[in-house]
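Here is coords18.pdb, consisting of PDB, C-alpha atoms, pLDDT in the B column:
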```
ATOM      1  CA  MET A   1       0.000   0.000   0.000  1.00 85.00           C
ATOM      2  CA  ARG A   2       1.316   3.473  -0.887  1.00 88.00           C
ATOM      3  CA  LEU A   3       1.151   6.287   1.636  1.00 93.00           C
ATOM      4  CA  ARG A   4      -0.850   9.268   0.421  1.00 94.00           C
ATOM      5  CA  LYS A   5       1.286  12.376  -0.026  1.00 95.00           C
ATOM      6  CA  ALA A   6      -0.379  14.137   2.929  1.00 95.00           C
ATOM      7  CA  VAL A   7       0.366  11.195   5.247  1.00 96.00           C
ATOM      8  CA  SER A   8       3.923  10.851   3.970  1.00 95.00           C
ATOM      9  CA  ASP A   9       4.493  14.601   4.401  1.00 94.00           C
ATOM     10  CA  LEU A  10       3.156  14.520   7.970  1.00 95.00           C
ATOM     11  CA  LEU A  11       5.475  11.634   8.880  1.00 96.00           C
ATOM     12  CA  ARG A  12       8.387  13.311   7.113  1.00 95.00           C
ATOM     13  CA  TRP A  13       8.015  16.680   8.868  1.00 95.00           C
ATOM     14  CA  GLU A  14       6.915  15.718  12.365  1.00 95.00           C
ATOM     15  CA  ARG A  15       9.753  15.140  14.789  1.00 95.00           C
ATOM     16  CA  VAL A  16       8.252  12.239  16.740  1.00 96.00           C
ATOM     17  CA  CYS A  17       5.653   9.514  16.352  1.00 97.00           C
ATOM     18  CA  ARG A  18       4.396   6.731  18.610  1.00 98.00           C
ATOM     19  CA  VAL A  19       5.027   3.091  17.833  1.00 98.00           C
ATOM     20  CA  ALA A  20       2.943   0.234  19.212  1.00 98.00           C
ATOM     21  CA  THR A  21       4.142  -3.353  19.291  1.00 98.00           C
ATOM     22  CA  VAL A  22       2.836  -6.443  21.052  1.00 97.00           C
ATOM     23  CA  ASP A  23       4.530  -9.406  22.636  1.00 94.00           C
ATOM     24  CA  ARG A  24       3.517 -12.991  21.901  1.00 92.00           C
ATOM     25  CA  THR A  25       0.780 -12.809  24.584  1.00 94.00           C
ATOM     26  CA  GLY A  26      -0.722  -9.670  23.042  1.00 94.00           C
ATOM     27  CA  ARG A  27       0.526  -7.290  25.754  1.00 96.00           C
ATOM     28  CA  PRO A  28       0.925  -3.865  24.082  1.00 97.00           C
ATOM     29  CA  HIS A  29       3.978  -1.627  24.312  1.00 97.00           C
ATOM     30  CA  VAL A  30       3.867   1.994  23.054  1.00 98.00           C
ATOM     31  CA  THR A  31       6.830   4.358  22.861  1.00 97.00           C
ATOM     32  CA  PRO A  32       7.849   7.514  21.020  1.00 97.00           C
ATOM     33  CA  VAL A  33      10.447   7.235  18.264  1.00 97.00           C
ATOM     34  CA  CYS A  34      12.144   9.528  15.769  1.00 96.00           C
ATOM     35  CA  GLN A  35      11.214   8.524  12.241  1.00 98.00           C
ATOM     36  CA  VAL A  36      12.089   9.070   8.610  1.00 98.00           C
ATOM     37  CA  VAL A  37      10.188   8.122   5.461  1.00 97.00           C
ATOM     38  CA  ARG A  38      11.729   6.764   2.280  1.00 97.00           C
ATOM     39  CA  ASP A  39      10.022   5.204  -0.722  1.00 95.00           C
ATOM     40  CA  GLY A  40       6.692   4.877   1.087  1.00 96.00           C
ATOM     41  CA  LYS A  41       8.126   3.082   4.114  1.00 97.00           C
ATOM     42  CA  ILE A  42       8.677   4.344   7.654  1.00 98.00           C
ATOM     43  CA  TYR A  43      11.996   3.810   9.413  1.00 98.00           C
ATOM     44  CA  PHE A  44      13.261   4.307  12.954  1.00 98.00           C
ATOM     45  CA  ALA A  45      16.089   2.937  15.075  1.00 97.00           C
ATOM     46  CA  VAL A  46      15.833   0.867  18.247  1.00 97.00           C
ATOM     47  CA  GLY A  47      18.260  -0.704  20.660  1.00 96.00           C
ATOM     48  CA  ARG A  48      19.037  -4.309  19.825  1.00 95.00           C
ATOM     49  CA  ASP A  49      17.940  -5.391  23.323  1.00 96.00           C
ATOM     50  CA  SER A  50      14.911  -3.085  23.609  1.00 96.00           C
ATOM     51  CA  ARG A  51      11.359  -4.228  24.311  1.00 97.00           C
ATOM     52  CA  LYS A  52      10.348  -2.983  20.824  1.00 97.00           C
ATOM     53  CA  ALA A  53      12.991  -5.155  19.178  1.00 97.00           C
ATOM     54  CA  ALA A  54      12.013  -8.203  21.266  1.00 97.00           C
ATOM     55  CA  ASN A  55       8.344  -7.710  20.445  1.00 98.00           C
ATOM     56  CA  LEU A  56       9.013  -7.261  16.722  1.00 98.00           C
ATOM     57  CA  ARG A  57      11.099 -10.433  16.649  1.00 97.00           C
ATOM     58  CA  GLN A  58       8.086 -12.290  18.085  1.00 96.00           C
ATOM     59  CA  THR A  59       5.307 -10.474  16.226  1.00 96.00           C
ATOM     60  CA  PRO A  60       6.137  -8.239  13.257  1.00 97.00           C
ATOM     61  CA  HIS A  61       2.851  -6.334  13.397  1.00 96.00           C
ATOM     62  CA  VAL A  62       3.317  -2.672  14.261  1.00 98.00           C
ATOM     63  CA  ALA A  63       1.281   0.535  14.437  1.00 98.00           C
ATOM     64  CA  VAL A  64       2.732   4.013  13.940  1.00 98.00           C
ATOM     65  CA  LEU A  65       0.770   7.065  15.065  1.00 98.00           C
ATOM     66  CA  VAL A  66       1.623  10.678  14.294  1.00 97.00           C
ATOM     67  CA  ASP A  67      -0.763  13.476  15.174  1.00 95.00           C
ATOM     68  CA  LEU A  68      -1.093  17.230  15.490  1.00 93.00           C
ATOM     69  CA  TYR A  69      -3.004  18.536  18.475  1.00 90.00           C
ATOM     70  CA  SER A  70      -4.763  21.884  18.583  1.00 87.00           C
ATOM     71  CA  GLU A  71      -6.979  23.513  21.178  1.00 93.00           C
ATOM     72  CA  GLU A  72      -9.189  24.260  18.198  1.00 91.00           C
ATOM     73  CA  TRP A  73     -10.442  20.738  17.635  1.00 92.00           C
ATOM     74  CA  GLY A  74     -11.522  21.442  14.090  1.00 88.00           C
ATOM     75  CA  ARG A  75      -7.800  21.572  13.270  1.00 91.00           C
ATOM     76  CA  LEU A  76      -6.856  18.142  14.695  1.00 93.00           C
ATOM     77  CA  ALA A  77      -4.918  16.017  12.214  1.00 94.00           C
ATOM     78  CA  GLY A  78      -3.062  12.762  12.192  1.00 96.00           C
ATOM     79  CA  ALA A  79      -2.420   9.375  10.687  1.00 97.00           C
ATOM     80  CA  LEU A  80      -2.336   5.807  11.968  1.00 98.00           C
ATOM     81  CA  VAL A  81      -0.267   3.406   9.887  1.00 98.00           C
ATOM     82  CA  GLN A  82      -0.541  -0.311  10.572  1.00 98.00           C
ATOM     83  CA  GLY A  83       1.960  -2.566   8.924  1.00 98.00           C
ATOM     84  CA  ARG A  84       4.606  -5.201   9.034  1.00 98.00           C
ATOM     85  CA  ALA A  85       8.058  -4.538  10.437  1.00 98.00           C
ATOM     86  CA  ALA A  86      11.388  -5.890   9.257  1.00 98.00           C
ATOM     87  CA  LEU A  87      14.552  -5.559  11.345  1.00 98.00           C
ATOM     88  CA  ILE A  88      17.692  -4.386   9.554  1.00 98.00           C
ATOM     89  CA  GLU A  89      20.859  -5.249  11.485  1.00 96.00           C
ATOM     90  CA  ARG A  90      23.642  -4.059   9.157  1.00 96.00           C
ATOM     91  CA  GLY A  91      24.628  -3.396   5.577  1.00 97.00           C
ATOM     92  CA  PRO A  92      23.865  -0.676   3.037  1.00 97.00           C
ATOM     93  CA  ALA A  93      20.198  -0.275   4.069  1.00 97.00           C
ATOM     94  CA  PHE A  94      21.218   0.154   7.732  1.00 96.00           C
ATOM     95  CA  ARG A  95      23.828   2.789   6.841  1.00 96.00           C
ATOM     96  CA  SER A  96      21.510   4.612   4.452  1.00 97.00           C
ATOM     97  CA  ILE A  97      18.690   4.956   6.989  1.00 97.00           C
ATOM     98  CA  ARG A  98      21.147   5.892   9.733  1.00 95.00           C
ATOM     99  CA  THR A  99      22.358   8.730   7.479  1.00 96.00           C
ATOM    100  CA  LEU A 100      18.771   9.925   6.961  1.00 96.00           C
ATOM    101  CA  LEU A 101      18.093   9.817  10.703  1.00 96.00           C
ATOM    102  CA  TYR A 102      21.322  11.703  11.439  1.00 95.00           C
ATOM    103  CA  GLU A 103      20.387  14.368   8.858  1.00 95.00           C
ATOM    104  CA  LYS A 104      16.910  14.880  10.312  1.00 96.00           C
ATOM    105  CA  TYR A 105      18.012  14.630  13.940  1.00 95.00           C
ATOM    106  CA  PRO A 106      21.516  16.108  14.378  1.00 94.00           C
ATOM    107  CA  GLN A 107      21.427  15.130  18.089  1.00 91.00           C
ATOM    108  CA  TYR A 108      21.550  11.421  17.218  1.00 87.00           C
ATOM    109  CA  PRO A 109      25.314  10.880  16.792  1.00 82.00           C
ATOM    110  CA  GLU A 110      26.206  12.421  20.156  1.00 82.00           C
ATOM    111  CA  GLU A 111      23.122  11.565  22.217  1.00 82.00           C
ATOM    112  CA  SER A 112      22.106   8.139  20.952  1.00 84.00           C
ATOM    113  CA  ALA A 113      24.405   6.842  18.228  1.00 81.00           C
ATOM    114  CA  ILE A 114      22.983   4.196  15.916  1.00 89.00           C
ATOM    115  CA  GLU A 115      25.691   1.518  15.755  1.00 89.00           C
ATOM    116  CA  VAL A 116      25.881  -1.915  14.168  1.00 90.00           C
ATOM    117  CA  GLY A 117      25.742  -4.463  16.961  1.00 89.00           C
ATOM    118  CA  ASP A 118      23.950  -2.141  19.403  1.00 92.00           C
ATOM    119  CA  SER A 119      21.085  -0.867  17.242  1.00 95.00           C
ATOM    120  CA  LEU A 120      18.592  -2.062  14.680  1.00 97.00           C
ATOM    121  CA  VAL A 121      16.764  -0.131  12.006  1.00 97.00           C
ATOM    122  CA  VAL A 122      13.072  -0.970  11.788  1.00 98.00           C
ATOM    123  CA  GLU A 123      11.431  -0.814   8.358  1.00 98.00           C
ATOM    124  CA  VAL A 124       7.642  -0.515   8.435  1.00 98.00           C
ATOM    125  CA  THR A 125       5.775  -1.522   5.296  1.00 98.00           C
ATOM    126  CA  PRO A 126       2.290   0.026   5.467  1.00 98.00           C
ATOM    127  CA  GLU A 127      -0.686  -2.317   5.131  1.00 98.00           C
ATOM    128  CA  ARG A 128      -3.507  -0.067   6.419  1.00 98.00           C
ATOM    129  CA  VAL A 129      -3.676   3.691   6.859  1.00 97.00           C
ATOM    130  CA  ALA A 130      -6.290   5.831   8.563  1.00 96.00           C
ATOM    131  CA  SER A 131      -5.943   9.604   8.607  1.00 96.00           C
ATOM    132  CA  TRP A 132      -7.937  12.627   9.694  1.00 95.00           C
ATOM    133  CA  GLY A 133      -7.710  16.355   9.159  1.00 94.00           C
ATOM    134  CA  LEU A 134      -5.230  16.035   6.289  1.00 93.00           C
ATOM    135  CA  GLU A 135      -5.819  17.429   2.826  1.00 73.00           C
TER     136      GLU A 135
END
```
Whole structure, structure tokens version:
Amino acid sequence: MRLRKAVSDLLRWERVCRVATVDRTGRPHVTPVCQVVRDGKIYFAVGRDSRKAANLRQTPHVAVLVDLYSEEWGRLAGALVQGRAALIERGPAFRSIRTLLYEKYPQYPEESAIEVGDSLVVEVTPERVASWGLE
């Protein structure tokens, strides 16, 4: 499934989104992540030993939520992307996404470096998308 331009733009420009995973018993886990979008897929980095990584190894289903809040509720906007996650441990795809993340978030290299062996890149392939308030 292709992301509509408005959804892709929202994910590209917003600085943070929320990611939901589940363990094998169905227990949910939701955390904020810093994301990039490339070729209709969403990417973010996680620690190799994180709960997100463990959950995605067990169950590759993932939900990504990005939203814009306003006190004027007629201006609320957002998108929920449900999809399948793949874990990228190394190689050209890992380095390419790391470069994109470092470009968007200059804090990354000093504050939370994305390193082979310590980190994974998560690739989310959208399967369902719901959005609101986007043109």
Picked residues, the PyMOL selection byres ((chain A and resi 76-86) around 7), expected as a short mmCIF file (atom, residue, chain, number, x, y, z; two decimals) with C-alpha atoms, in the frame of the given file:
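File selection06.cif, as written:
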```cif
data_model
loop_
_atom_site.label_atom_id
_atom_site.label_comp_id
_atom_site.auth_asym_id
_atom_site.auth_seq_id
_atom_site.Cartn_x
_atom_site.Cartn_y
_atom_site.Cartn_z
CA VAL A 7 0.37 11.20 5.25
CA LEU A 56 9.01 -7.26 16.72
CA PRO A 60 6.14 -8.24 13.26
CA HIS A 61 2.85 -6.33 13.40
CA VAL A 62 3.32 -2.67 14.26
CA ALA A 63 1.28 0.54 14.44
CA VAL A 64 2.73 4.01 13.94
CA LEU A 65 0.77 7.06 15.06
CA VAL A 66 1.62 10.68 14.29
CA ASP A 67 -0.76 13.48 15.17
CA LEU A 68 -1.09 17.23 15.49
CA TYR A 69 -3.00 18.54 18.48
CA SER A 70 -4.76 21.88 18.58
CA TRP A 73 -10.44 20.74 17.64
CA GLY A 74 -11.52 21.44 14.09
CA ARG A 75 -7.80 21.57 13.27
CA LEU A 87 14.55 -5.56 11.34
CA ILE A 88 17.69 -4.39 9.55
CA VAL A 122 13.07 -0.97 11.79
CA GLU A 123 11.43 -0.81 8.36
CA VAL A 124 7.64 -0.52 8.44
CA THR A 125 5.78 -1.52 5.30
CA PRO A 126 2.29 0.03 5.47
CA GLU A 127 -0.69 -2.32 5.13
CA ARG A 128 -3.51 -0.07 6.42
CA VAL A 129 -3.68 3.69 6.86
CA ALA A 130 -6.29 5.83 8.56
CA SER A 131 -5.94 9.60 8.61
CA TRP A 132 -7.94 12.63 9.69
CA GLY A 133 -7.71 16.36 9.16
CA LEU A 134 -5.23 16.04 6.29
#
```
- [ ] Would you please work out which residue, of A:Ile114, A:Val121, A:Glu135, A:Glu72, is nearest to Ala53 of chain A when using all atoms listed in the file?
- [x] A:Val121
Open item on the list: Given all atoms listed in the file as the basis, pick out the residue of A:Leu120, A:Phe94, A:Arg48, A:Lys104 nearest to Trp13 of chain A.
Closed with: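 Checking each of A:Leu120, A:Phe94, A:Arg48, A:Lys104 against Trp13 of chain A, counting all atoms listed in the file, the winner is A:Lys104.
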TODO: Apply the PyMOL selection byres ((chain A and resi 55) around 9) to the file shown and report the selected residues as a PyMOL selection string.
DONE: chain A and resi 21-24+29+50-54+56-60
Can you sort out the box for segment 8-13 of chain A, edges along x, y and z, all listed atoms in, 4 Å on every side, with centre and edge lengths in Å to one decimal, as lines of an AutoDock Vina configuration file?
```
center_x = 5.8
center_y = 13.8
center_z = 6.4
size_x = 13.2
size_y = 13.8
size_z = 12.9
```
Task: Evaluate the PyMOL selection byres ((chain A and resi 35) around 10) and report residues as a PyMOL selection string - done: chain A and resi 11-19+32-34+36-37+42-45+64+97+100-101+104-105+122
TODO: May I ask for the distance between atom CA of Pro92 of chain A and atom CA of Glu115 of chain A, given in Å to one decimal place?
DONE: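 Between atom CA of Pro92 of chain A and atom CA of Glu115 of chain A the gap works out to 13.0 Å.
For the pair atom CA of Gly117 of chain A and atom CA of Tyr102 of chain A, the interatomic distance is 17.6 Å.
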Open item on the list: Ranking A:Arg38, A:Arg27, A:Arg90, A:Arg95 by minimum distance to Asp9 of chain A and counting all atoms listed in the file, which one comes first?
Closed with: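 Ranked by minimum distance to Asp9 of chain A, first place goes to A:Arg38.
Note that atom CA of Ser119 of chain A and atom CA of Glu89 of chain A are 7.2 Å apart.
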